[in-house]
Amino acid sequence: MSLTNSLDQFHRYLTCLWTDISDRPNALTCSEYGYLRAIERLDGDKLAQGEGCRRSDGHGHHLQDIVELLKIKKASASVAVTKLEKRGLIERFQCQHDARAQHIVLTEKARKYLREEEAIYKTSAKDIAKVLTVDELKAFEASLAKINKAL
């Protein structure tokens with residue numbers, strides 16, 4: 001099977017895991033999960049304190065930070081962030097140094113939902129580990145890490 005076909009089949013497998021929400025009462029959509037994980041990766045769950053209002057100050061993050069990380073349009077991120085806020089998954093608050101900017105932080109509810117959703121990837125990892133030898137699994141992990149770093 002070609003790499004293209006293998007990637008397509010693997011994508012469909014993961015999509016099926018996401019769409020089976022019967023065991024996930026607090027289910028996030030794949031898109032919501034992506035945004036929340038991006039905010040978490042940006043360490044956006046820290047409330048503002050002290051001086052400044054950019055990444056280096058440890059106070060949550062601006063919409064532009066999410067746009068840059070996910071490589072998406074600002075309008076798309078704005079719509080998604082508004083929806084996440086309505087669901088109680090993020091909070092926004094005014095930057096004390098730039099009246100035009102808002103900090104975006106995860107709520108406890110979002111952190112709880114993220115941990116629950118990680119089960120999807122744990123299931124996938126277990127399924128993969130069942131069909132690969134230990135050496136193949138190590139090589140697969142190393143290859144994915146290399147690919148992710150390059151992308």
# chains A, B, ... in the order shown; residues from 1 in each chain; ligands from 1
>>> select_by_dssp(residues="stretch 14-142 of chain A", states="alpha helix (DSSP H)", output="ChimeraX atom specification")
/A:14-19,30-41,63-70,74-86,108-131,134-142
>>> residues_around(residues="stretch 100-102 of chain A", least_positions_apart="6", cutoff="9 Å", atoms="only C-alpha atoms", output="ChimeraX atom specification")
/A:53,60-63,92-94
>>> residues_around(residues="A:Leu106", least_positions_apart="5", cutoff="12 Å", atoms="only C-alpha atoms", output="JSON, numbers by chain")
{"A": [33, 35, 36, 37, 38, 39, 40, 41, 42, 43, 44, 45, 46, 47, 59, 60, 61, 81, 84, 85, 87, 88, 89, 90, 91, 92, 93, 111, 112, 113, 114]}
>>> select_by_dssp(residues="chain A", states="strand (DSSP E or B)", output="list in words")
His61, Ile90, Glu91, Arg92, Phe93, Gln94, Gln102, His103, Ile104, Val105 and Leu106 of chain A
>>> write_last_selection(atoms="all heavy atoms", output="compact mmCIF listing (two decimals), in the first residue's frame")
# COMPACT_ATOMS: atom_id res chain seq x y z
N HIS A 61 -2.65 33.87 26.45
CA HIS A 61 -2.16 34.23 25.13
C HIS A 61 -3.21 34.95 24.33
O HIS A 61 -4.39 34.88 24.61
CB HIS A 61 -1.67 32.97 24.40
CG HIS A 61 -0.49 32.39 25.09
ND1 HIS A 61 0.78 32.83 24.88
CD2 HIS A 61 -0.40 31.44 26.05
CE1 HIS A 61 1.61 32.16 25.65
NE2 HIS A 61 0.91 31.33 26.38
N ILE A 90 -13.14 28.27 27.60
CA ILE A 90 -12.08 29.27 27.73
C ILE A 90 -12.66 30.52 28.37
O ILE A 90 -13.88 30.72 28.37
CB ILE A 90 -11.42 29.65 26.39
CG1 ILE A 90 -12.44 30.28 25.45
CG2 ILE A 90 -10.73 28.47 25.74
CD1 ILE A 90 -11.82 31.19 24.43
N GLU A 91 -11.78 31.35 28.87
CA GLU A 91 -12.15 32.67 29.37
C GLU A 91 -11.24 33.67 28.69
O GLU A 91 -10.09 33.35 28.37
CB GLU A 91 -11.98 32.75 30.88
CG GLU A 91 -12.94 31.88 31.65
CD GLU A 91 -12.69 31.93 33.15
OE1 GLU A 91 -11.67 32.51 33.60
OE2 GLU A 91 -13.52 31.37 33.88
N ARG A 92 -11.77 34.84 28.47
CA ARG A 92 -10.96 35.93 27.93
C ARG A 92 -10.99 37.08 28.91
O ARG A 92 -12.01 37.33 29.55
CB ARG A 92 -11.52 36.40 26.58
CG ARG A 92 -11.35 35.40 25.48
CD ARG A 92 -11.69 35.99 24.16
NE ARG A 92 -13.09 35.80 23.85
CZ ARG A 92 -13.62 36.04 22.67
NH1 ARG A 92 -12.87 36.47 21.68
NH2 ARG A 92 -14.89 35.85 22.46
N PHE A 93 -9.87 37.78 29.03
CA PHE A 93 -9.84 38.97 29.86
C PHE A 93 -8.89 39.97 29.24
O PHE A 93 -7.97 39.63 28.51
CB PHE A 93 -9.48 38.66 31.32
CG PHE A 93 -8.16 37.98 31.50
CD1 PHE A 93 -7.02 38.72 31.79
CD2 PHE A 93 -8.06 36.60 31.40
CE1 PHE A 93 -5.81 38.09 31.97
CE2 PHE A 93 -6.84 35.97 31.58
CZ PHE A 93 -5.71 36.72 31.86
N GLN A 94 -9.18 41.23 29.52
CA GLN A 94 -8.47 42.35 28.93
C GLN A 94 -7.00 42.36 29.33
O GLN A 94 -6.66 42.16 30.49
CB GLN A 94 -9.12 43.66 29.38
CG GLN A 94 -8.83 44.84 28.50
CD GLN A 94 -9.52 44.69 27.15
OE1 GLN A 94 -10.65 44.24 27.07
NE2 GLN A 94 -8.83 45.06 26.10
N GLN A 102 -6.83 40.80 24.21
CA GLN A 102 -7.41 39.98 25.28
C GLN A 102 -6.54 38.75 25.47
O GLN A 102 -5.99 38.21 24.51
CB GLN A 102 -8.81 39.54 24.92
CG GLN A 102 -9.82 40.65 24.89
CD GLN A 102 -11.21 40.12 24.58
OE1 GLN A 102 -11.38 39.14 23.87
NE2 GLN A 102 -12.21 40.77 25.16
N HIS A 103 -6.44 38.32 26.71
CA HIS A 103 -5.77 37.06 27.03
C HIS A 103 -6.81 35.95 26.92
O HIS A 103 -7.98 36.14 27.24
CB HIS A 103 -5.21 37.08 28.45
CG HIS A 103 -4.09 38.04 28.63
ND1 HIS A 103 -2.83 37.82 28.14
CD2 HIS A 103 -4.05 39.25 29.25
CE1 HIS A 103 -2.05 38.84 28.45
NE2 HIS A 103 -2.78 39.72 29.13
N ILE A 104 -6.36 34.80 26.48
CA ILE A 104 -7.23 33.62 26.35
C ILE A 104 -6.65 32.54 27.26
O ILE A 104 -5.48 32.19 27.14
CB ILE A 104 -7.27 33.14 24.90
CG1 ILE A 104 -7.85 34.24 24.00
CG2 ILE A 104 -8.08 31.85 24.78
CD1 ILE A 104 -7.66 33.98 22.52
N VAL A 105 -7.49 32.02 28.15
CA VAL A 105 -7.05 30.98 29.08
C VAL A 105 -8.06 29.84 29.12
O VAL A 105 -9.25 30.03 28.89
CB VAL A 105 -6.84 31.53 30.51
CG1 VAL A 105 -5.72 32.55 30.54
CG2 VAL A 105 -8.11 32.11 31.07
N LEU A 106 -7.57 28.65 29.41
CA LEU A 106 -8.43 27.48 29.55
C LEU A 106 -9.14 27.51 30.89
O LEU A 106 -8.57 27.96 31.88
CB LEU A 106 -7.61 26.19 29.47
CG LEU A 106 -6.89 25.90 28.17
CD1 LEU A 106 -6.07 24.62 28.31
CD2 LEU A 106 -7.86 25.79 27.01
>>> atom_distance(atom1="atom CA of A:Ile66", atom2="atom CA of A:Gln9")
28.9 Å
>>> atom_distance(atom1="atom CA of A:Met1", atom2="atom CA of A:Thr19")
25.4 Å
>>> residues_around(residues="A:Glu116", least_positions_apart="2", cutoff="12 Å", atoms="only C-alpha atoms", output="compact mmCIF listing (two decimals) with all heavy atoms, in the first residue's frame")
# COMPACT_ATOMS: atom_id res chain seq x y z
N ILE A 21 -18.94 8.87 19.82
CA ILE A 21 -18.98 9.62 21.07
C ILE A 21 -19.82 8.94 22.15
O ILE A 21 -20.07 9.50 23.19
CB ILE A 21 -19.51 11.06 20.85
CG1 ILE A 21 -20.94 11.04 20.31
CG2 ILE A 21 -18.58 11.85 19.97
CD1 ILE A 21 -21.60 12.39 20.30
N ASP A 23 -19.11 6.76 24.30
CA ASP A 23 -18.42 6.63 25.59
C ASP A 23 -17.86 7.96 26.08
O ASP A 23 -17.09 7.98 27.03
CB ASP A 23 -17.28 5.62 25.48
CG ASP A 23 -17.78 4.21 25.25
OD1 ASP A 23 -18.93 3.92 25.64
OD2 ASP A 23 -17.03 3.40 24.67
N ARG A 24 -18.22 9.06 25.41
CA ARG A 24 -17.63 10.36 25.74
C ARG A 24 -18.75 11.38 25.96
O ARG A 24 -19.09 12.15 25.08
CB ARG A 24 -16.71 10.80 24.60
CG ARG A 24 -15.54 9.88 24.41
CD ARG A 24 -14.70 10.11 23.16
NE ARG A 24 -14.69 11.45 22.64
CZ ARG A 24 -15.01 11.73 21.37
NH1 ARG A 24 -15.36 10.80 20.53
NH2 ARG A 24 -14.95 12.98 20.94
N PRO A 25 -19.30 11.43 27.17
CA PRO A 25 -20.42 12.34 27.43
C PRO A 25 -20.05 13.82 27.28
O PRO A 25 -20.90 14.65 26.99
CB PRO A 25 -20.83 12.02 28.86
CG PRO A 25 -19.64 11.37 29.47
CD PRO A 25 -18.91 10.68 28.35
N ASN A 26 -18.79 14.17 27.49
CA ASN A 26 -18.35 15.56 27.38
C ASN A 26 -17.61 15.79 26.06
O ASN A 26 -16.71 16.61 25.99
CB ASN A 26 -17.43 15.91 28.54
CG ASN A 26 -18.10 15.71 29.88
OD1 ASN A 26 -19.26 16.02 30.04
ND2 ASN A 26 -17.37 15.17 30.83
N ALA A 27 -18.00 15.07 25.04
CA ALA A 27 -17.25 15.04 23.79
C ALA A 27 -16.99 16.43 23.21
O ALA A 27 -17.88 17.28 23.13
CB ALA A 27 -17.99 14.20 22.76
N LEU A 28 -15.74 16.61 22.82
CA LEU A 28 -15.33 17.79 22.06
C LEU A 28 -15.29 17.39 20.60
O LEU A 28 -15.03 16.23 20.29
CB LEU A 28 -13.92 18.23 22.48
CG LEU A 28 -13.70 18.64 23.92
CD1 LEU A 28 -12.21 18.82 24.19
CD2 LEU A 28 -14.45 19.93 24.23
N TYR A 33 -11.03 20.27 20.12
CA TYR A 33 -9.87 19.64 20.76
C TYR A 33 -8.58 20.28 20.25
O TYR A 33 -7.69 20.60 21.04
CB TYR A 33 -9.88 18.13 20.47
CG TYR A 33 -8.73 17.38 21.11
CD1 TYR A 33 -8.78 17.02 22.44
CD2 TYR A 33 -7.62 17.02 20.36
CE1 TYR A 33 -7.73 16.32 23.03
CE2 TYR A 33 -6.57 16.33 20.94
CZ TYR A 33 -6.63 15.98 22.27
OH TYR A 33 -5.59 15.30 22.85
N LYS A 109 -12.97 23.25 33.30
CA LYS A 109 -13.83 22.38 32.49
C LYS A 109 -13.08 21.94 31.24
O LYS A 109 -13.11 20.76 30.87
CB LYS A 109 -15.11 23.15 32.12
CG LYS A 109 -16.09 22.39 31.28
CD LYS A 109 -17.32 23.28 31.02
CE LYS A 109 -18.31 22.65 30.09
NZ LYS A 109 -19.47 23.56 29.84
N ALA A 110 -12.39 22.85 30.58
CA ALA A 110 -11.63 22.52 29.36
C ALA A 110 -10.52 21.52 29.68
O ALA A 110 -10.31 20.55 28.94
CB ALA A 110 -11.05 23.77 28.73
N ARG A 111 -9.81 21.75 30.76
CA ARG A 111 -8.72 20.83 31.13
C ARG A 111 -9.26 19.42 31.40
O ARG A 111 -8.66 18.43 31.00
CB ARG A 111 -7.95 21.37 32.33
CG ARG A 111 -6.96 22.46 31.96
CD ARG A 111 -6.06 22.78 33.13
NE ARG A 111 -6.62 23.77 34.02
CZ ARG A 111 -6.65 25.08 33.76
NH1 ARG A 111 -6.14 25.53 32.65
NH2 ARG A 111 -7.18 25.91 34.61
N LYS A 112 -10.42 19.36 32.05
CA LYS A 112 -11.05 18.07 32.33
C LYS A 112 -11.43 17.38 31.02
O LYS A 112 -11.14 16.20 30.83
CB LYS A 112 -12.29 18.28 33.19
CG LYS A 112 -13.09 17.04 33.47
CD LYS A 112 -14.32 17.36 34.32
CE LYS A 112 -15.14 16.13 34.61
NZ LYS A 112 -16.22 15.92 33.67
N TYR A 113 -12.05 18.12 30.11
CA TYR A 113 -12.46 17.54 28.83
C TYR A 113 -11.25 17.10 28.01
O TYR A 113 -11.29 16.06 27.35
CB TYR A 113 -13.28 18.55 28.02
CG TYR A 113 -14.70 18.76 28.50
CD1 TYR A 113 -15.16 18.28 29.72
CD2 TYR A 113 -15.60 19.47 27.73
CE1 TYR A 113 -16.45 18.50 30.15
CE2 TYR A 113 -16.90 19.68 28.13
CZ TYR A 113 -17.32 19.19 29.35
OH TYR A 113 -18.61 19.40 29.76
N LEU A 114 -10.18 17.87 28.04
CA LEU A 114 -8.97 17.49 27.30
C LEU A 114 -8.43 16.15 27.79
O LEU A 114 -8.03 15.30 26.99
CB LEU A 114 -7.89 18.57 27.43
CG LEU A 114 -8.05 19.77 26.53
CD1 LEU A 114 -7.08 20.88 26.93
CD2 LEU A 114 -7.86 19.39 25.06
N GLU A 118 -8.10 12.67 25.52
CA GLU A 118 -6.81 12.02 25.27
C GLU A 118 -6.97 10.51 25.18
O GLU A 118 -6.13 9.82 24.59
CB GLU A 118 -5.81 12.38 26.35
CG GLU A 118 -5.29 13.78 26.23
CD GLU A 118 -4.44 14.21 27.41
OE1 GLU A 118 -4.31 13.45 28.40
OE2 GLU A 118 -3.91 15.31 27.35
N ALA A 119 -8.06 9.99 25.70
CA ALA A 119 -8.32 8.55 25.64
C ALA A 119 -8.39 8.07 24.19
O ALA A 119 -8.03 6.92 23.89
CB ALA A 119 -9.62 8.21 26.37
N ILE A 120 -8.82 8.93 23.28
CA ILE A 120 -8.88 8.57 21.86
C ILE A 120 -7.49 8.19 21.36
O ILE A 120 -7.31 7.17 20.69
CB ILE A 120 -9.47 9.72 21.03
CG1 ILE A 120 -10.94 9.91 21.38
CG2 ILE A 120 -9.28 9.49 19.53
CD1 ILE A 120 -11.54 11.18 20.83
N TYR A 121 -6.52 8.99 21.71
CA TYR A 121 -5.16 8.73 21.24
C TYR A 121 -4.51 7.59 22.00
O TYR A 121 -3.69 6.86 21.44
CB TYR A 121 -4.34 10.02 21.29
CG TYR A 121 -4.90 11.01 20.31
CD1 TYR A 121 -5.68 12.08 20.73
CD2 TYR A 121 -4.73 10.83 18.94
CE1 TYR A 121 -6.24 12.95 19.82
CE2 TYR A 121 -5.29 11.71 18.02
CZ TYR A 121 -6.04 12.77 18.47
OH TYR A 121 -6.61 13.62 17.57
N LYS A 122 -4.89 7.42 23.25
CA LYS A 122 -4.38 6.28 24.00
C LYS A 122 -4.90 4.97 23.40
O LYS A 122 -4.15 3.99 23.29
CB LYS A 122 -4.77 6.39 25.48
CG LYS A 122 -3.99 7.46 26.21
CD LYS A 122 -4.40 7.57 27.66
CE LYS A 122 -3.61 8.70 28.30
NZ LYS A 122 -3.97 8.92 29.68
N THR A 123 -6.16 4.96 23.00
CA THR A 123 -6.74 3.79 22.33
C THR A 123 -5.99 3.50 21.04
O THR A 123 -5.62 2.36 20.76
CB THR A 123 -8.24 4.02 22.04
OG1 THR A 123 -8.93 4.18 23.27
CG2 THR A 123 -8.83 2.86 21.24
